[in-house]
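Report on one structure; see the data block that follows.
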Amino acid sequence: MTHKTSNAVDPFAHLHDENYDAPYVHPRCKARDMVTMAGRQTVSLNGDWRFTLDLFDEGLRQKWFAQPPMPVNQWRVPRDYDESDAQTLSVPSVWSLAKPEWTYFEGGGWYSRSIHHEEHDQRVFLRIGAANYEARIFLNGHFLASHQGGSTPFFVELTPHLQAGDNRLQINVDNRRRPERVPMHHFDWFNDGGIYRDIELVLLPRTFIKDFSLSLVPDGTLSTLHCTVTLSDHDNGTAVLVIPELSLTQDITIAGGQGKVEFSVPLRLWSPEDPHLYECRISFGSDTVTDRIGFREIRREGTTLLLNGKPLYLRGVCVHEDDVRLGKVSTIEDVTRRYQDAKRLGCNALRLAHYPHHEHAAKLADEMGLMLWEEVPVYWAIQFDNEATYQDAHNQLEEMMTRDRNRASVIIWGVGNENADTDARYSFMRRLADHAKSFDPTRLVGAACLINREQFRIEDRLADHLDIIGLNEYFGWYEEGFEGLRQLLANSKPDRPVLISEVGADALAGHHGPDSELFTEERQAWVFENQIEAIRNIDWICGFFPWLLYDFRSPRRQTSIQNGINRKGLIAEDKRTQKLAFEVIAGFYRQIGNEA
Ligand code: GCU
């Protein structure tokens, strides 16, 4: 196997240059570089890759990517990297579960493999479903692009750098927690590193459909469809939208690579009770994309949520993307089990905390009839006065919305969680919320907001930029008793819907005792009994999202009873052992489900 790579460099020439990563930032992959994957064929690169840990970014300092592979007996100077004797790591996977000694590893890692290329006239893109946190792509010794953000997909075009035969593809990923990142260096979940979602090649024609949207216009008619098409370049022509079940064929004029059309058509609307999806196909030239799309309208009137014009109460539950065996890898089976458990609880909605989950989460929710709150990890104390941090958050938000824009199940874009109210935070999050609304007027924009502690009422100046106010509150757990909750509810007069976006208590499964004793199942059940009693008749509360469905890994939790696990799950981390509180909530949801 031979690789023609750039000339070998002196690996030690820049050893003391602390600006070593500057050449590997731009170009940076962004939402605008994404390609719709609807119905596309791909060449999977999942499987075993060669892998080398790199705690000190030695690879960027010494330019490991520029050293042509060669047997150690031919080296003229010593090397610190030799992919021929590297470890093997499967993709998708997380570093923390690959080896016991890597559990808490936070640093860099180098993936390497060969990809074979035959000359053809198609364009070749690399798609990575997610790599936490920053990724840098090298092909045949050349840096191509970087990506920031640990939970959204990104695309790099390989075409100009591919050579006939074998090509050396290397990917550097680092999962360091940093104050300027999103999330920053303090959060309550496990910091899994690596390429933990699918990695694949996408072959496309010279001109292809880069993005499209197809949705119901929220104008109350429940029959106005709006379609936009964006091409990979500035071509003119006609795209064709076909929805066979509606006997619909609709031309879309494309000018300068863009086109849109709006038309009225009678529809079978998507809802949790009837999650109807239409086979849709859009073609332009030699490119065709296909998708199964549901059409529904979500909007608010005053403090009431309306789904397809009918009042809606969100019987929810929160869930992390976390598994003691898979880490942050989310398989179809894992998501299916999550939704089955949520339906068993009586849910019609889930909050996918605190970052964009795998794309099959929204696809499966479309099929199974569950509504979703999806969010970006603008979590706790972000560097709100740092413009580069804002651009990172803005891009993650736009990548999430671009990826899931045609998923009927997604009804809320969440732009933040529990961020202390400062002017910098207000400016940062108002920009995010306004961007979400202008990018996608067909969905609601929300955030887990704060309360005014002095006046003891729900009050957050960010609320004016939101359609729905999330309220995380832990009366009965972090705050003793429920009098405070009753006061808060009595003092608050919101002018838009509020949903309880987090509420709960820890319980060690199988640990029983009086409800006065923390961490017993009885205590957790008691908290929910009292919470439900307090909120159930508040007419401006439109939803209830217990924190959360399963116990999950969090290094912040280091007592013997928690042992690195946040135990607020209604089900233990084995995803089988149910706690007493599960039935308390199921009973509540049965009652309000019947009242609806
Ligand atoms: C916060 C936070 C969650 C966290 C939870 C807890 O509200 O939003 O991410 O896990 O509290 O303390 O368990």
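Quick note on naming: the chains in the structure tokens go A, B, ... in the order shown, residues restart at 1 in each chain, and ligands are numbered from 1 in order of appearance.
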
Open item on the list: Applying 8 Å and only C-alpha atoms, which residues near range 436-444 of chain A remain after dropping the ones on its own chain fewer than 2 positions away? List them as a list in words.
Closed with: Ser215, Leu216, Val217, Pro218, Glu297, Ile298, Arg299, Leu397, Glu398, Met401, Arg405, Val410, Ile411, Ile412, Trp413, Leu432, Ala433, Asp434, Gly446, Leu466, Asp467 and Ile468 of chain A

With N, CA, C and O atoms retained, export the selected residues as an mmCIF file, in the first residue's frame.
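What follows is the written file part01.cif:
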data_model
loop_
_atom_site.group_PDB
_atom_site.id
_atom_site.type_symbol
_atom_site.label_atom_id
_atom_site.label_comp_id
_atom_site.auth_asym_id
_atom_site.auth_seq_id
_atom_site.Cartn_x
_atom_site.Cartn_y
_atom_site.Cartn_z
ATOM 1 N N SER A 215 -42.986 21.709 4.352
ATOM 2 C CA SER A 215 -43.721 21.783 5.616
ATOM 3 C C SER A 215 -45.049 22.512 5.437
ATOM 4 O O SER A 215 -45.277 23.190 4.423
ATOM 5 N N LEU A 216 -45.880 22.361 6.469
ATOM 6 C CA LEU A 216 -47.191 23.012 6.476
ATOM 7 C C LEU A 216 -47.009 24.449 6.967
ATOM 8 O O LEU A 216 -46.324 24.667 7.974
ATOM 9 N N VAL A 217 -47.557 25.389 6.254
ATOM 10 C CA VAL A 217 -47.461 26.788 6.685
ATOM 11 C C VAL A 217 -48.389 26.977 7.897
ATOM 12 O O VAL A 217 -49.569 26.589 7.826
ATOM 13 N N PRO A 218 -47.877 27.484 9.022
ATOM 14 C CA PRO A 218 -48.737 27.618 10.215
ATOM 15 C C PRO A 218 -49.699 28.811 10.086
ATOM 16 O O PRO A 218 -49.635 29.769 10.837
ATOM 17 N N GLU A 297 -49.306 21.259 12.187
ATOM 18 C CA GLU A 297 -49.107 22.666 12.543
ATOM 19 C C GLU A 297 -48.977 22.774 14.047
ATOM 20 O O GLU A 297 -49.823 22.219 14.785
ATOM 21 N N ILE A 298 -47.918 23.423 14.526
ATOM 22 C CA ILE A 298 -47.775 23.659 15.966
ATOM 23 C C ILE A 298 -47.670 25.168 16.177
ATOM 24 O O ILE A 298 -46.909 25.842 15.487
ATOM 25 N N ARG A 299 -48.512 25.721 17.023
ATOM 26 C CA ARG A 299 -48.410 27.142 17.325
ATOM 27 C C ARG A 299 -49.056 27.413 18.669
ATOM 28 O O ARG A 299 -49.583 26.479 19.299
ATOM 29 N N LEU A 397 -26.765 25.229 16.380
ATOM 30 C CA LEU A 397 -28.227 25.380 16.274
ATOM 31 C C LEU A 397 -28.662 25.218 14.823
ATOM 32 O O LEU A 397 -29.609 24.485 14.505
ATOM 33 N N GLU A 398 -27.950 25.868 13.915
ATOM 34 C CA GLU A 398 -28.350 25.811 12.513
ATOM 35 C C GLU A 398 -28.110 24.414 11.920
ATOM 36 O O GLU A 398 -28.900 23.920 11.099
ATOM 37 N N MET A 401 -31.082 22.359 13.118
ATOM 38 C CA MET A 401 -32.325 22.698 12.412
ATOM 39 C C MET A 401 -32.268 22.268 10.949
ATOM 40 O O MET A 401 -33.255 21.799 10.386
ATOM 41 N N ARG A 405 -35.068 19.559 9.821
ATOM 42 C CA ARG A 405 -36.117 20.523 9.456
ATOM 43 C C ARG A 405 -37.366 19.855 8.886
ATOM 44 O O ARG A 405 -38.431 20.435 8.916
ATOM 45 N N VAL A 410 -40.456 16.987 15.538
ATOM 46 C CA VAL A 410 -39.756 18.080 16.230
ATOM 47 C C VAL A 410 -40.668 19.303 16.257
ATOM 48 O O VAL A 410 -41.013 19.845 15.199
ATOM 49 N N ILE A 411 -41.087 19.700 17.468
ATOM 50 C CA ILE A 411 -42.010 20.854 17.552
ATOM 51 C C ILE A 411 -41.370 22.041 18.268
ATOM 52 O O ILE A 411 -41.891 23.167 18.170
ATOM 53 N N ILE A 412 -40.267 21.782 18.999
ATOM 54 C CA ILE A 412 -39.621 22.869 19.751
ATOM 55 C C ILE A 412 -38.117 22.817 19.517
ATOM 56 O O ILE A 412 -37.500 21.741 19.643
ATOM 57 N N TRP A 413 -37.533 23.987 19.179
ATOM 58 C CA TRP A 413 -36.073 24.130 19.168
ATOM 59 C C TRP A 413 -35.699 24.793 20.484
ATOM 60 O O TRP A 413 -36.127 25.923 20.762
ATOM 61 N N LEU A 432 -29.745 33.980 19.441
ATOM 62 C CA LEU A 432 -29.986 32.572 19.087
ATOM 63 C C LEU A 432 -31.476 32.338 18.850
ATOM 64 O O LEU A 432 -31.889 31.749 17.839
ATOM 65 N N ALA A 433 -32.307 32.804 19.790
ATOM 66 C CA ALA A 433 -33.748 32.563 19.689
ATOM 67 C C ALA A 433 -34.317 33.225 18.441
ATOM 68 O O ALA A 433 -35.097 32.614 17.698
ATOM 69 N N ASP A 434 -33.910 34.454 18.182
ATOM 70 C CA ASP A 434 -34.410 35.179 16.996
ATOM 71 C C ASP A 434 -33.938 34.474 15.726
ATOM 72 O O ASP A 434 -34.679 34.367 14.748
ATOM 73 N N GLY A 446 -37.938 27.591 22.370
ATOM 74 C CA GLY A 446 -38.041 27.578 23.827
ATOM 75 C C GLY A 446 -36.672 27.574 24.478
ATOM 76 O O GLY A 446 -35.644 27.463 23.804
ATOM 77 N N LEU A 466 -39.176 34.066 23.059
ATOM 78 C CA LEU A 466 -39.519 32.629 23.020
ATOM 79 C C LEU A 466 -41.011 32.464 22.776
ATOM 80 O O LEU A 466 -41.821 33.302 23.139
ATOM 81 N N ASP A 467 -41.362 31.304 22.204
ATOM 82 C CA ASP A 467 -42.796 30.973 22.077
ATOM 83 C C ASP A 467 -43.268 30.229 23.316
ATOM 84 O O ASP A 467 -44.452 30.216 23.627
ATOM 85 N N ILE A 468 -42.299 29.544 23.975
ATOM 86 C CA ILE A 468 -42.676 28.686 25.086
ATOM 87 C C ILE A 468 -41.578 28.783 26.141
ATOM 88 O O ILE A 468 -40.390 28.790 25.811
#

- [ ] Would you mind listing the residues within 8 Å of ligand 1, counting only C-alpha atoms and all ligand atoms, as a PyMOL selection string?
- [x] chain A and resi 187-189+353-354+379-380+417-418+448+472-474+502-506+547+566-568

- [ ] Would you work out the distance separating CA of Val43 in chain A from CA of Leu201 in chain A, expressed in Å to one decimal?
- [x] 4.9 Å

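Taking only C-alpha atoms, the non-local environment of Gly107 in chain A within 9 Å (same-chain residues fewer than 2 positions away omitted) comprises Leu53, Asp54, Leu55, Phe56, Asp57, Phe105, Gly109, Val173, Asp174, Asn175, Arg176, Arg177 and Gly193 of chain A.
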
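For range 290-296 of chain A, the list of residues within 8 Å, based on only C-alpha atoms and with local chain neighbours fewer than 3 positions off taken out, reads Ala38, Gly39, Arg40, Leu214, Ser215, Leu216, Leu222, Leu267, Arg268, Leu269, Trp270, Ser271, Pro275, His276, Leu277, Tyr278, Glu279, Cys280, Arg281, Ile282, Leu307, Asn308, Asp366, Asn406, Arg407 and Ala408 of chain A.
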
Export, as a PDB file, in the first residue's frame, the selected residues with N, CA and C atoms.
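Generated file (out18.pdb):
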ATOM      1  N   ALA A  38     -31.511  12.740   2.515  1.00  0.00           N
ATOM      2  CA  ALA A  38     -32.816  12.083   2.356  1.00  0.00           C
ATOM      3  C   ALA A  38     -32.786  11.030   1.252  1.00  0.00           C
ATOM      4  N   GLY A  39     -32.793   9.786   1.680  1.00  0.00           N
ATOM      5  CA  GLY A  39     -32.866   8.691   0.716  1.00  0.00           C
ATOM      6  C   GLY A  39     -31.592   8.423  -0.049  1.00  0.00           C
ATOM      7  N   ARG A  40     -30.492   9.036   0.355  1.00  0.00           N
ATOM      8  CA  ARG A  40     -29.256   8.875  -0.412  1.00  0.00           C
ATOM      9  C   ARG A  40     -28.559   7.547  -0.085  1.00  0.00           C
ATOM     10  N   LEU A 214     -39.923  20.958   3.355  1.00  0.00           N
ATOM     11  CA  LEU A 214     -41.306  20.727   2.910  1.00  0.00           C
ATOM     12  C   LEU A 214     -42.166  20.690   4.175  1.00  0.00           C
ATOM     13  N   SER A 215     -42.986  21.709   4.352  1.00  0.00           N
ATOM     14  CA  SER A 215     -43.721  21.783   5.616  1.00  0.00           C
ATOM     15  C   SER A 215     -45.049  22.512   5.437  1.00  0.00           C
ATOM     16  N   LEU A 216     -45.880  22.361   6.469  1.00  0.00           N
ATOM     17  CA  LEU A 216     -47.191  23.012   6.476  1.00  0.00           C
ATOM     18  C   LEU A 216     -47.009  24.449   6.967  1.00  0.00           C
ATOM     19  N   LEU A 222     -54.285  24.613   7.643  1.00  0.00           N
ATOM     20  CA  LEU A 222     -53.924  23.185   7.728  1.00  0.00           C
ATOM     21  C   LEU A 222     -53.883  22.542   6.345  1.00  0.00           C
ATOM     22  N   LEU A 267     -54.897  17.445   3.229  1.00  0.00           N
ATOM     23  CA  LEU A 267     -53.873  16.592   3.826  1.00  0.00           C
ATOM     24  C   LEU A 267     -54.427  15.748   4.955  1.00  0.00           C
ATOM     25  N   ARG A 268     -53.860  14.577   5.144  1.00  0.00           N
ATOM     26  CA  ARG A 268     -54.058  13.781   6.364  1.00  0.00           C
ATOM     27  C   ARG A 268     -52.939  14.221   7.296  1.00  0.00           C
ATOM     28  N   LEU A 269     -53.306  14.945   8.343  1.00  0.00           N
ATOM     29  CA  LEU A 269     -52.299  15.593   9.187  1.00  0.00           C
ATOM     30  C   LEU A 269     -51.581  14.593  10.092  1.00  0.00           C
ATOM     31  N   TRP A 270     -50.321  14.902  10.391  1.00  0.00           N
ATOM     32  CA  TRP A 270     -49.546  14.098  11.334  1.00  0.00           C
ATOM     33  C   TRP A 270     -49.968  14.473  12.750  1.00  0.00           C
ATOM     34  N   SER A 271     -50.095  13.454  13.612  1.00  0.00           N
ATOM     35  CA  SER A 271     -50.320  13.704  15.039  1.00  0.00           C
ATOM     36  C   SER A 271     -49.850  12.471  15.795  1.00  0.00           C
ATOM     37  N   PRO A 275     -49.726   9.225  13.256  1.00  0.00           N
ATOM     38  CA  PRO A 275     -48.433   9.737  12.735  1.00  0.00           C
ATOM     39  C   PRO A 275     -48.257   9.449  11.257  1.00  0.00           C
ATOM     40  N   HIS A 276     -49.145  10.071  10.456  1.00  0.00           N
ATOM     41  CA  HIS A 276     -49.146   9.742   9.025  1.00  0.00           C
ATOM     42  C   HIS A 276     -47.981  10.427   8.306  1.00  0.00           C
ATOM     43  N   LEU A 277     -47.249   9.665   7.517  1.00  0.00           N
ATOM     44  CA  LEU A 277     -46.111  10.200   6.765  1.00  0.00           C
ATOM     45  C   LEU A 277     -46.346   9.988   5.281  1.00  0.00           C
ATOM     46  N   TYR A 278     -46.007  10.981   4.476  1.00  0.00           N
ATOM     47  CA  TYR A 278     -46.135  10.898   3.018  1.00  0.00           C
ATOM     48  C   TYR A 278     -44.775  10.596   2.399  1.00  0.00           C
ATOM     49  N   GLU A 279     -44.744   9.677   1.441  1.00  0.00           N
ATOM     50  CA  GLU A 279     -43.530   9.480   0.625  1.00  0.00           C
ATOM     51  C   GLU A 279     -43.392  10.716  -0.271  1.00  0.00           C
ATOM     52  N   CYS A 280     -42.265  11.397  -0.169  1.00  0.00           N
ATOM     53  CA  CYS A 280     -42.059  12.607  -0.981  1.00  0.00           C
ATOM     54  C   CYS A 280     -40.776  12.441  -1.793  1.00  0.00           C
ATOM     55  N   ARG A 281     -40.768  12.988  -3.012  1.00  0.00           N
ATOM     56  CA  ARG A 281     -39.585  12.854  -3.868  1.00  0.00           C
ATOM     57  C   ARG A 281     -39.343  14.185  -4.566  1.00  0.00           C
ATOM     58  N   ILE A 282     -38.099  14.644  -4.540  1.00  0.00           N
ATOM     59  CA  ILE A 282     -37.755  15.875  -5.261  1.00  0.00           C
ATOM     60  C   ILE A 282     -36.600  15.551  -6.195  1.00  0.00           C
ATOM     61  N   LEU A 307     -51.997  21.985  18.484  1.00  0.00           N
ATOM     62  CA  LEU A 307     -51.475  21.062  17.468  1.00  0.00           C
ATOM     63  C   LEU A 307     -52.603  20.833  16.475  1.00  0.00           C
ATOM     64  N   ASN A 308     -52.363  21.262  15.221  1.00  0.00           N
ATOM     65  CA  ASN A 308     -53.410  21.148  14.194  1.00  0.00           C
ATOM     66  C   ASN A 308     -54.710  21.805  14.660  1.00  0.00           C
ATOM     67  N   ASP A 366     -41.066  10.414  14.344  1.00  0.00           N
ATOM     68  CA  ASP A 366     -42.041  10.638  13.261  1.00  0.00           C
ATOM     69  C   ASP A 366     -42.912   9.400  13.063  1.00  0.00           C
ATOM     70  N   ASN A 406     -37.245  18.636   8.354  1.00  0.00           N
ATOM     71  CA  ASN A 406     -38.415  17.979   7.749  1.00  0.00           C
ATOM     72  C   ASN A 406     -39.000  16.895   8.636  1.00  0.00           C
ATOM     73  N   ARG A 407     -38.691  16.950   9.938  1.00  0.00           N
ATOM     74  CA  ARG A 407     -39.189  15.957  10.873  1.00  0.00           C
ATOM     75  C   ARG A 407     -40.401  16.518  11.624  1.00  0.00           C
ATOM     76  N   ALA A 408     -41.597  15.955  11.326  1.00  0.00           N
ATOM     77  CA  ALA A 408     -42.838  16.455  11.951  1.00  0.00           C
ATOM     78  C   ALA A 408     -42.768  16.364  13.462  1.00  0.00           C
TER      79      ALA A 408
END

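The smallest atom-to-atom distance between Ile541 in chain A and any of A:Arg425, A:His394, A:Arg461, A:Arg315, using only C-alpha atoms, is found for A:Arg315.
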
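For Glu118 in chain A, the non-local neighbours within 12 Å, defined as residues at least 3 positions apart in the same chain or in other chains and counting only C-alpha atoms, are Ile115, Asp121, Gln122, Arg123, Val124, Thr159, Leu162, Gln163, Ala164, Gly165, Asp166 and Asn167 of chain A.
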
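Of the listed residues A:Asn537, A:Gln562, A:Ser409, A:Asn132, the one whose atoms come nearest to Asp274 in chain A is A:Ser409, with distances taken using only C-alpha atoms.
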
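The nearest approach to His360 in chain A among the residues A:Phe545, A:Cys318, A:Asp198, A:Leu241, with only C-alpha atoms taken into account, belongs to A:Asp198.
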
- [ ] Output as number ranges by chain all residues of range 197-252 of chain A that backbone DSSP marks as strand (DSSP E).
- [x] A: 199-204, 209-216, 224-231, 237-243, 248-252

Please produce an output containing N, CA, C and O atoms for each residue in the selection, written as a CSV table (one decimal), in the first residue's frame.
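Just written: part36.csv:
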chain,number,residue,atom,x,y,z
A,199,ILE,N,-20.0,7.2,10.0
A,199,ILE,CA,-19.1,7.9,9.1
A,199,ILE,C,-19.2,7.2,7.8
A,199,ILE,O,-19.3,6.0,7.7
A,200,GLU,N,-19.4,8.1,6.7
A,200,GLU,CA,-19.6,7.5,5.4
A,200,GLU,C,-19.2,8.4,4.3
A,200,GLU,O,-19.0,9.6,4.5
A,201,LEU,N,-19.1,7.8,3.1
A,201,LEU,CA,-18.9,8.6,1.9
A,201,LEU,C,-20.2,8.8,1.1
A,201,LEU,O,-21.0,7.9,1.1
A,202,VAL,N,-20.4,10.0,0.6
A,202,VAL,CA,-21.6,10.2,-0.2
A,202,VAL,C,-21.2,10.7,-1.6
A,202,VAL,O,-20.4,11.6,-1.7
A,203,LEU,N,-21.6,9.9,-2.6
A,203,LEU,CA,-21.2,10.2,-4.0
A,203,LEU,C,-22.4,11.0,-4.6
A,203,LEU,O,-23.5,10.6,-4.6
A,204,LEU,N,-22.1,12.2,-5.2
A,204,LEU,CA,-23.1,13.1,-5.7
A,204,LEU,C,-22.8,13.5,-7.1
A,204,LEU,O,-21.6,13.6,-7.5
A,209,ILE,N,-29.0,18.4,-5.2
A,209,ILE,CA,-29.9,19.0,-4.2
A,209,ILE,C,-29.2,19.0,-2.9
A,209,ILE,O,-29.0,18.0,-2.3
A,210,LYS,N,-28.8,20.2,-2.4
A,210,LYS,CA,-28.0,20.3,-1.2
A,210,LYS,C,-29.0,20.3,0.0
A,210,LYS,O,-28.7,19.8,1.1
A,211,ASP,N,-30.1,21.0,-0.1
A,211,ASP,CA,-31.0,21.1,1.0
A,211,ASP,C,-32.4,21.3,0.5
A,211,ASP,O,-32.6,21.9,-0.7
A,212,PHE,N,-33.4,20.9,1.2
A,212,PHE,CA,-34.8,21.2,0.9
A,212,PHE,C,-35.7,21.2,2.1
A,212,PHE,O,-35.3,20.6,3.1
A,213,SER,N,-36.8,21.9,2.1
A,213,SER,CA,-37.7,21.9,3.2
A,213,SER,C,-39.1,21.7,2.6
A,213,SER,O,-39.4,22.2,1.5
A,214,LEU,N,-39.9,21.0,3.4
A,214,LEU,CA,-41.3,20.7,2.9
A,214,LEU,C,-42.2,20.7,4.2
A,214,LEU,O,-42.0,19.8,5.0
A,215,SER,N,-43.0,21.7,4.4
A,215,SER,CA,-43.7,21.8,5.6
A,215,SER,C,-45.0,22.5,5.4
A,215,SER,O,-45.3,23.2,4.4
A,216,LEU,N,-45.9,22.4,6.5
A,216,LEU,CA,-47.2,23.0,6.5
A,216,LEU,C,-47.0,24.4,7.0
A,216,LEU,O,-46.3,24.7,8.0
A,224,THR,N,-51.8,24.4,3.6
A,224,THR,CA,-50.9,25.1,2.7
A,224,THR,C,-49.5,24.6,2.9
A,224,THR,O,-48.9,24.7,3.9
A,225,LEU,N,-49.0,23.9,1.8
A,225,LEU,CA,-47.6,23.4,1.9
A,225,LEU,C,-46.6,24.3,1.3
A,225,LEU,O,-47.0,25.0,0.3
A,226,HIS,N,-45.5,24.4,1.9
A,226,HIS,CA,-44.4,25.3,1.4
A,226,HIS,C,-43.2,24.5,1.2
A,226,HIS,O,-42.8,23.7,2.1
A,227,CYS,N,-42.6,24.6,0.0
A,227,CYS,CA,-41.4,23.8,-0.3
A,227,CYS,C,-40.3,24.7,-0.8
A,227,CYS,O,-40.5,25.6,-1.6
A,228,THR,N,-39.1,24.5,-0.3
A,228,THR,CA,-37.9,25.2,-0.7
A,228,THR,C,-36.9,24.2,-1.2
A,228,THR,O,-36.8,23.1,-0.6
A,229,VAL,N,-36.1,24.6,-2.2
A,229,VAL,CA,-35.0,23.7,-2.7
A,229,VAL,C,-33.8,24.5,-2.9
A,229,VAL,O,-33.9,25.7,-3.4
A,230,THR,N,-32.6,24.0,-2.4
A,230,THR,CA,-31.4,24.7,-2.6
A,230,THR,C,-30.4,23.7,-3.3
A,230,THR,O,-30.3,22.6,-2.9
A,231,LEU,N,-29.8,24.2,-4.4
A,231,LEU,CA,-28.8,23.3,-5.1
A,231,LEU,C,-27.4,23.6,-4.6
A,231,LEU,O,-27.1,24.5,-3.9
A,237,GLY,N,-33.2,26.2,-13.6
A,237,GLY,CA,-33.9,25.0,-14.2
A,237,GLY,C,-35.2,24.8,-13.4
A,237,GLY,O,-35.7,25.7,-12.8
A,238,THR,N,-35.6,23.5,-13.4
A,238,THR,CA,-36.9,23.2,-12.8
A,238,THR,C,-36.7,21.9,-12.0
A,238,THR,O,-36.2,20.9,-12.5
A,239,ALA,N,-37.0,22.0,-10.7
A,239,ALA,CA,-37.1,20.8,-9.8
A,239,ALA,C,-38.5,20.3,-9.8
A,239,ALA,O,-39.4,21.1,-10.1
A,240,VAL,N,-38.7,19.1,-9.5
A,240,VAL,CA,-40.0,18.5,-9.5
A,240,VAL,C,-40.3,17.8,-8.2
A,240,VAL,O,-39.5,16.9,-7.8
A,241,LEU,N,-41.4,18.2,-7.5
A,241,LEU,CA,-41.8,17.6,-6.3
A,241,LEU,C,-42.9,16.6,-6.6
A,241,LEU,O,-43.9,17.0,-7.3
A,242,VAL,N,-42.8,15.3,-6.1
A,242,VAL,CA,-43.8,14.3,-6.4
A,242,VAL,C,-44.2,13.8,-5.0
A,242,VAL,O,-43.4,13.4,-4.2
A,243,ILE,N,-45.6,13.8,-4.7
A,243,ILE,CA,-46.1,13.1,-3.5
A,243,ILE,C,-47.2,12.2,-4.1
A,243,ILE,O,-48.4,12.6,-4.3
A,248,LEU,N,-49.8,14.2,-6.6
A,248,LEU,CA,-49.3,15.6,-6.8
A,248,LEU,C,-47.9,15.5,-7.5
A,248,LEU,O,-47.0,14.8,-7.1
A,249,THR,N,-47.8,16.3,-8.5
A,249,THR,CA,-46.5,16.6,-9.2
A,249,THR,C,-46.5,18.1,-9.3
A,249,THR,O,-47.3,18.7,-9.9
A,250,GLN,N,-45.4,18.7,-8.7
A,250,GLN,CA,-45.4,20.2,-8.6
A,250,GLN,C,-44.0,20.7,-9.1
A,250,GLN,O,-43.0,20.3,-8.6
A,251,ASP,N,-44.0,21.5,-10.2
A,251,ASP,CA,-42.8,22.1,-10.6
A,251,ASP,C,-42.3,23.2,-9.7
A,251,ASP,O,-43.2,23.9,-9.2
A,252,ILE,N,-41.0,23.3,-9.5
A,252,ILE,CA,-40.4,24.3,-8.7
A,252,ILE,C,-39.4,25.0,-9.6
A,252,ILE,O,-38.3,24.4,-9.9

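With only C-alpha atoms as the atoms that count, the residue of A:Gly256, A:Gly141, A:Pro11, A:Gly327 with the shortest distance to Pro92 in chain A is A:Gly327.
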
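Between Tyr20 in chain A and the candidates A:Ala131, A:Val265, A:Ile532, A:Leu60, the tightest atom-to-atom separation, counting only C-alpha atoms, involves A:Leu60.
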
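If you measure from each of A:Asn594, A:Ser427, A:Asn491, A:Gln531 to Trp477 in chain A using only C-alpha atoms, the closest one turns out to be A:Gln531.
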
Open item on the list: Residues within 10 Å of His320 in chain A, please, as a ChimeraX atom specification. Count only C-alpha atoms; anything in the same chain fewer than 5 positions from it doesn't count.
Closed with: /A:189,328,351-357,547-553

TODO: Name the residues in contact with Glu399 in chain A at a cut-off of 9 Å, using only C-alpha atoms, excluding same-chain residues fewer than 6 positions from it; report them as a count of residues only.
DONE: 7

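Here CA of Asp460 in chain A and CA of Ala490 in chain A stand 16.6 Å from one another.
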